[in-house]
$ cat query24.cif   # mmCIF, C-alpha atoms
data_target
#
loop_
_atom_site.label_atom_id
_atom_site.label_comp_id
_atom_site.auth_asym_id
_atom_site.auth_seq_id
_atom_site.Cartn_x
_atom_site.Cartn_y
_atom_site.Cartn_z
CA MET A 1 -1.53 -8.52 -28.67
CA SER A 2 -1.70 -5.52 -26.36
CA ASN A 3 -4.76 -3.33 -26.21
CA PRO A 4 -3.79 0.37 -26.50
CA ASP A 5 -7.18 1.37 -25.08
CA LYS A 6 -6.71 -0.65 -21.91
CA PRO A 7 -5.49 1.58 -19.02
CA GLU A 8 -2.01 0.90 -17.67
CA VAL A 9 -2.02 -1.03 -14.39
CA VAL A 10 0.79 -0.31 -11.92
CA VAL A 11 1.49 -2.81 -9.14
CA THR A 12 3.60 -1.74 -6.16
CA ARG A 13 4.51 -4.65 -3.92
CA TRP A 14 5.14 -4.04 -0.22
CA TRP A 15 7.18 -6.65 1.65
CA TRP A 16 6.82 -6.02 5.39
CA VAL A 17 9.28 -7.67 7.80
CA ARG A 18 8.75 -7.44 11.55
CA HIS A 19 11.97 -6.85 13.50
CA ALA A 20 13.80 -9.67 15.29
CA PRO A 21 12.80 -10.56 18.86
CA VAL A 22 13.67 -8.30 21.78
CA ARG A 23 15.29 -10.17 24.69
CA SER A 24 16.25 -7.29 26.98
CA ASP A 25 12.77 -5.97 27.80
CA GLY A 26 12.64 -7.69 31.20
CA GLY A 27 9.14 -8.88 30.45
CA ASN A 28 7.96 -5.29 30.13
CA ILE A 29 6.04 -3.39 27.45
CA TYR A 30 8.52 -1.46 25.32
CA GLY A 31 6.51 0.25 22.57
CA GLN A 32 8.65 3.05 21.14
CA SER A 33 11.54 2.46 23.56
CA ASP A 34 14.64 2.21 21.37
CA ILE A 35 16.04 -1.10 22.53
CA ALA A 36 18.05 -3.66 20.59
CA CYS A 37 16.88 -6.98 19.19
CA ASP A 38 18.42 -10.45 18.96
CA THR A 39 19.68 -11.29 15.47
CA SER A 40 21.73 -14.36 16.42
CA ASP A 41 19.53 -16.98 14.69
CA ARG A 42 21.16 -16.87 11.25
CA GLU A 43 18.99 -19.64 9.81
CA VAL A 44 15.89 -17.50 10.31
CA PHE A 45 17.41 -14.63 8.34
CA GLU A 46 18.67 -16.96 5.61
CA ALA A 47 15.10 -18.24 5.19
CA VAL A 48 13.68 -14.71 5.09
CA ALA A 49 16.32 -13.61 2.57
CA LYS A 50 15.27 -16.38 0.17
CA ILE A 51 11.77 -14.95 -0.32
CA LEU A 52 12.57 -11.23 -0.54
CA PRO A 53 13.08 -9.51 -3.91
CA ARG A 54 16.67 -8.51 -4.76
CA ALA A 55 15.90 -5.25 -6.55
CA ALA A 56 13.82 -3.34 -4.04
CA VAL A 57 13.56 -0.03 -2.26
CA TRP A 58 14.39 -0.47 1.43
CA VAL A 59 12.82 1.48 4.28
CA ALA A 60 12.82 0.94 8.04
CA SER A 61 11.47 2.71 11.08
CA SER A 62 13.50 5.16 13.11
CA LEU A 63 14.11 2.57 15.86
CA GLN A 64 17.38 0.64 15.92
CA ARG A 65 15.85 -2.85 16.04
CA THR A 66 14.50 -2.53 12.50
CA HIS A 67 17.91 -1.51 11.14
CA GLN A 68 19.59 -4.36 13.04
CA THR A 69 17.12 -6.75 11.43
CA ALA A 70 17.87 -5.38 7.96
CA GLU A 71 21.60 -5.81 8.59
CA ALA A 72 21.03 -9.42 9.67
CA ILE A 73 19.27 -10.13 6.37
CA TRP A 74 22.06 -8.51 4.35
CA ASN A 75 24.68 -10.48 6.35
CA THR A 76 23.34 -13.72 4.85
CA GLY A 77 24.72 -12.64 1.48
CA PHE A 78 21.60 -10.78 0.40
CA PRO A 79 22.62 -7.82 -1.82
CA LYS A 80 22.87 -4.78 0.43
CA PRO A 81 21.08 -1.74 -1.00
CA ALA A 82 22.92 1.53 -1.49
CA THR A 83 20.56 3.21 0.96
CA ILE A 84 17.80 2.40 3.43
CA ALA A 85 15.39 5.19 4.24
CA LYS A 86 14.64 5.90 7.90
CA GLU A 87 10.91 6.52 8.25
CA ALA A 88 9.79 7.85 11.64
CA ALA A 89 6.14 7.28 10.69
CA PHE A 90 6.79 3.51 10.75
CA ALA A 91 7.88 3.45 14.42
CA GLU A 92 5.84 1.36 16.84
CA GLN A 93 2.91 2.93 18.69
CA HIS A 94 4.04 5.21 21.51
CA LEU A 95 2.56 3.53 24.56
CA GLY A 96 3.30 6.37 26.97
CA GLN A 97 3.09 5.42 30.63
CA TRP A 98 2.45 1.79 29.75
CA GLN A 99 6.03 1.47 28.49
CA GLY A 100 8.07 -0.20 31.22
CA MET A 101 5.04 -1.85 32.84
CA ASN A 102 5.10 -5.61 33.35
CA ARG A 103 3.47 -7.15 30.31
CA ALA A 104 1.82 -10.09 32.08
CA ALA A 105 0.27 -7.87 34.74
CA PHE A 106 -0.98 -5.46 32.08
CA LEU A 107 -2.53 -8.26 30.04
CA ALA A 108 -4.32 -9.57 33.11
CA SER A 109 -5.98 -6.17 33.47
CA ARG A 110 -7.40 -6.14 29.94
CA PRO A 111 -10.64 -7.74 28.73
CA ALA A 112 -10.34 -11.31 27.50
CA GLY A 113 -9.97 -11.48 23.73
CA SER A 114 -8.32 -8.08 23.37
CA HIS A 115 -6.27 -7.84 20.19
CA TRP A 116 -4.29 -4.80 21.29
CA PHE A 117 -3.38 -2.72 24.31
CA ALA A 118 -6.61 -0.71 24.19
CA ASP A 119 -9.54 0.16 21.96
CA ILE A 120 -8.34 1.71 18.71
CA ALA A 121 -9.34 5.27 19.69
CA GLU A 122 -8.04 5.11 23.29
CA PRO A 123 -4.59 6.68 23.65
CA ALA A 124 -2.09 5.31 26.11
CA PRO A 125 -1.59 7.84 28.94
CA GLY A 126 1.04 10.24 27.61
CA GLY A 127 1.19 8.37 24.31
CA GLU A 128 -0.77 7.44 21.19
CA SER A 129 -3.88 5.48 20.29
CA PHE A 130 -3.80 2.79 17.62
CA MET A 131 -5.71 5.22 15.38
CA ASP A 132 -2.84 7.70 15.78
CA LEU A 133 -0.46 4.96 14.66
CA TYR A 134 -2.73 3.93 11.80
CA ASN A 135 -3.06 7.49 10.48
CA ARG A 136 0.69 8.14 10.41
CA VAL A 137 1.44 4.74 8.87
CA TRP A 138 -1.09 4.99 6.04
CA GLY A 139 0.06 8.53 5.24
CA ALA A 140 3.65 7.33 4.81
CA ILE A 141 2.56 4.27 2.81
CA ASP A 142 0.57 6.49 0.47
CA ARG A 143 3.54 8.81 -0.07
CA ILE A 144 6.06 6.02 -0.63
CA THR A 145 3.69 4.13 -2.96
CA ILE A 146 3.41 7.23 -5.13
CA ASP A 147 7.17 7.89 -5.07
CA HIS A 148 8.09 4.28 -5.94
CA ALA A 149 5.08 3.18 -7.98
CA GLY A 150 5.64 -0.11 -9.79
CA HIS A 151 8.56 -1.18 -7.60
CA ASP A 152 9.11 -3.62 -4.74
CA VAL A 153 9.36 -1.97 -1.32
CA ILE A 154 10.87 -3.87 1.61
CA ALA A 155 9.77 -2.23 4.86
CA VAL A 156 11.19 -3.39 8.20
CA GLY A 157 8.77 -2.42 10.91
CA HIS A 158 6.94 -3.41 14.07
CA GLY A 159 3.94 -5.48 15.03
CA GLY A 160 1.65 -2.47 15.35
CA THR A 161 3.00 -0.86 12.20
CA ILE A 162 2.35 -3.95 10.10
CA LYS A 163 -1.13 -4.41 11.60
CA ALA A 164 -1.83 -0.80 10.56
CA ALA A 165 -0.63 -1.56 7.02
CA ILE A 166 -2.91 -4.61 6.87
CA SER A 167 -5.77 -2.43 8.12
CA LEU A 168 -5.19 -0.11 5.17
CA ALA A 169 -5.12 -3.01 2.71
CA LEU A 170 -8.45 -4.24 4.12
CA GLY A 171 -10.06 -1.00 3.08
CA GLY A 172 -9.24 1.10 6.12
CA GLN A 173 -10.54 -1.20 8.86
CA PRO A 174 -8.23 -0.91 11.91
CA GLU A 175 -10.36 -3.26 14.02
CA LYS A 176 -9.91 -6.00 11.41
CA GLY A 177 -6.18 -5.44 10.99
CA LEU A 178 -5.59 -5.91 14.71
CA ALA A 179 -6.92 -9.48 14.52
CA PHE A 180 -3.80 -10.72 12.67
CA ASP A 181 -0.76 -12.20 14.41
CA ILE A 182 2.58 -10.76 13.27
CA ASP A 183 5.56 -12.81 14.44
CA ASN A 184 9.10 -11.55 14.72
CA CYS A 185 10.96 -11.74 11.39
CA SER A 186 7.78 -12.76 9.56
CA VAL A 187 7.06 -11.46 6.07
CA THR A 188 3.75 -9.89 5.04
CA ARG A 189 3.14 -8.87 1.44
CA LEU A 190 0.60 -6.24 0.44
CA ASP A 191 0.22 -5.25 -3.23
CA HIS A 192 -1.13 -1.88 -4.32
CA ILE A 193 -2.82 -2.00 -7.74
CA ALA A 194 -3.50 1.28 -9.52
CA SER A 195 -4.77 2.53 -12.86
CA GLU A 196 -6.51 5.71 -13.97
CA SER A 197 -9.76 4.62 -12.33
CA VAL A 198 -8.71 2.02 -9.75
CA SER A 199 -6.72 2.09 -6.52
CA VAL A 200 -7.01 -1.14 -4.55
CA TRP A 201 -4.96 -3.45 -2.36
CA ARG A 202 -4.40 -7.19 -2.58
CA VAL A 203 -3.16 -9.34 0.32
CA PRO A 204 -1.02 -12.23 -1.04
CA MET A 205 0.40 -13.31 2.34
CA VAL A 206 0.40 -12.38 6.01
CA ASN A 207 2.82 -13.51 8.74
CA GLN A 208 4.77 -15.83 6.41
CA GLN A 209 7.47 -17.65 8.39
CA PRO A 210 9.75 -19.52 5.98
CA TRP A 211 11.74 -21.08 8.84
CA ILE A 212 8.70 -22.50 10.68
CA ALA A 213 9.18 -26.16 9.66
CA ASP A 214 11.99 -26.38 12.23
CA ALA A 215 10.68 -26.17 15.81
CA ALA A 216 14.08 -24.95 16.99
CA HIS A 217 13.11 -21.45 15.86
CA LYS A 218 9.76 -21.19 17.64
CA ALA A 219 11.17 -18.41 19.87
CA MET A 220 10.50 -16.03 16.98
CA HIS A 221 6.94 -15.76 18.30
CA GLN A 222 6.66 -12.83 20.67
CA PRO A 223 3.48 -10.82 21.29
CA ALA A 224 2.84 -7.82 19.08
CA GLY A 225 0.15 -6.65 21.50
CA PRO A 226 -1.93 -8.35 24.21
CA GLU A 227 -2.05 -12.06 23.65
CA VAL A 228 -3.35 -14.20 26.47
CA VAL A 229 -2.45 -17.86 26.18
CA ARG A 230 -4.59 -19.97 28.46
CA GLU A 231 -3.32 -23.37 29.50
CA THR A 232 -5.62 -26.28 28.72
CA LYS A 233 -5.54 -28.94 31.40
CA LEU A 234 -6.26 -32.48 30.38
CA ALA A 235 -8.59 -34.46 32.58
#

$ encode --input "query24.cif" --output "structure tokens"
Amino acid sequence: MSNPDKPEVVVTRWWWVRHAPVRSDGGNIYGQSDIACDTSDREVFEAVAKILPRAAVWVASSLQRTHQTAEAIWNTGFPKPATIAKEAAFAEQHLGQWQGMNRAAFLASRPAGSHWFADIAEPAPGGESFMDLYNRVWGAIDRITIDHAGHDVIAVGHGGTIKAAISLALGGQPEKGLAFDIDNCSVTRLDHIASESVSVWRVPMVNQQPWIADAAHKAMHQPAGPEVVRETKLA
């Protein structure tokens, strides 16, 4: 029996998908550069399509690689939505003069254990800081959550964008959100729960990779920020 005195609870589920891997970067940092991605691994997109909700609002960043990724999901037979909103606020961090620099050389110049290109408040020369990215991402999430309260939202974005969304779900802690890996094509779900007196987030899954059981698809892992992999030599 329902309780008429109990406040209505509205759950808005966000399904974040990071875009497919970029192969044409030449080993360089690309940030907001609008370059294409590789959507040739159909099995990856078939696996992703199986776990996404069919009746959802779709949104993607303003960069072409997110729209190419959405198309690859729909091409598996997933019902194509009537529209997909283009949200500039969900674009990757603008990395200014770092864009085009060799990634390996840049990583070697950063402190060991760095989770991102710089401290959260340090802007890239001629670009943005992670806090700039975080502030524009959470503002758009807040607006879309209000506009589509109680619905599923599938958002195709970028490594930095999704880390910013996780930061919001953790109570507005950008330093904590940066600690998560976000692989290409992975799915992250963040649920917003609201009532008259409550507005909280729940984190059901992060970096879910439904294709991962098959090692043939391991190339879906590409850095979403500085990741230094040190080789361990056996004696």

$ resolve_selection --input "query24.cif" --expression "the PyMOL selection byres ((chain A and resi 207) around 7)" --output "PyMOL selection string"
chain A and resi 181-183+186-188+205-206+208-209

$ write_last_selection --input "query24.cif" --atoms "C-alpha atoms" --output "mmCIF file, keeping the file's coordinate frame"
data_model
loop_
_atom_site.group_PDB
_atom_site.id
_atom_site.type_symbol
_atom_site.label_atom_id
_atom_site.label_comp_id
_atom_site.auth_asym_id
_atom_site.auth_seq_id
_atom_site.Cartn_x
_atom_site.Cartn_y
_atom_site.Cartn_z
ATOM 1 C CA ASP A 181 -0.760 -12.200 14.410
ATOM 2 C CA ILE A 182 2.580 -10.760 13.270
ATOM 3 C CA ASP A 183 5.560 -12.810 14.440
ATOM 4 C CA SER A 186 7.780 -12.760 9.560
ATOM 5 C CA VAL A 187 7.060 -11.460 6.070
ATOM 6 C CA THR A 188 3.750 -9.890 5.040
ATOM 7 C CA MET A 205 0.400 -13.310 2.340
ATOM 8 C CA VAL A 206 0.400 -12.380 6.010
ATOM 9 C CA GLN A 208 4.770 -15.830 6.410
ATOM 10 C CA GLN A 209 7.470 -17.650 8.390
#

$ closest_residue --input "query24.cif" --among "A:Pro21, A:Gly127, A:Gln97, A:Val203" --to "Asp41 (chain A)" --atoms "only C-alpha atoms"
A:Pro21

$ residues_around --input "query24.cif" --residues "Arg136 (chain A)" --least-positions-apart "4" --cutoff "8 Å" --atoms "all atoms listed in the file" --output "list of chain:residue names"
A:Ala89, A:Phe90, A:Asp132, A:Ala140

$ closest_residue --input "query24.cif" --among "A:Gly77, A:Tyr134, A:Glu71, A:Ala179" --to "Lys50 (chain A)" --atoms "only C-alpha atoms"
A:Gly77

$ closest_residue --input "query24.cif" --among "A:Ile35, A:Val156, A:Ala118, A:Leu133" --to "Gln93 (chain A)" --atoms "only C-alpha atoms"
A:Leu133

$ closest_residue --input "query24.cif" --among "A:Lys80, A:His158, A:His192, A:His217" --to "Ile141 (chain A)" --atoms "only C-alpha atoms"
A:His192

$ atom_distance --input "query24.cif" --atom1 "CA of Thr161 (chain A)" --atom2 "CA of Glu92 (chain A)"
5.9 Å

$ closest_residue --input "query24.cif" --among "A:Trp16, A:Phe106, A:Trp98, A:Trp211" --to "Gly160 (chain A)" --atoms "all atoms listed in the file"
A:Trp16

$ closest_residue --input "query24.cif" --among "A:Asn28, A:Ser33, A:Thr39, A:Thr76" --to "Ser62 (chain A)" --atoms "only C-alpha atoms"
A:Ser33
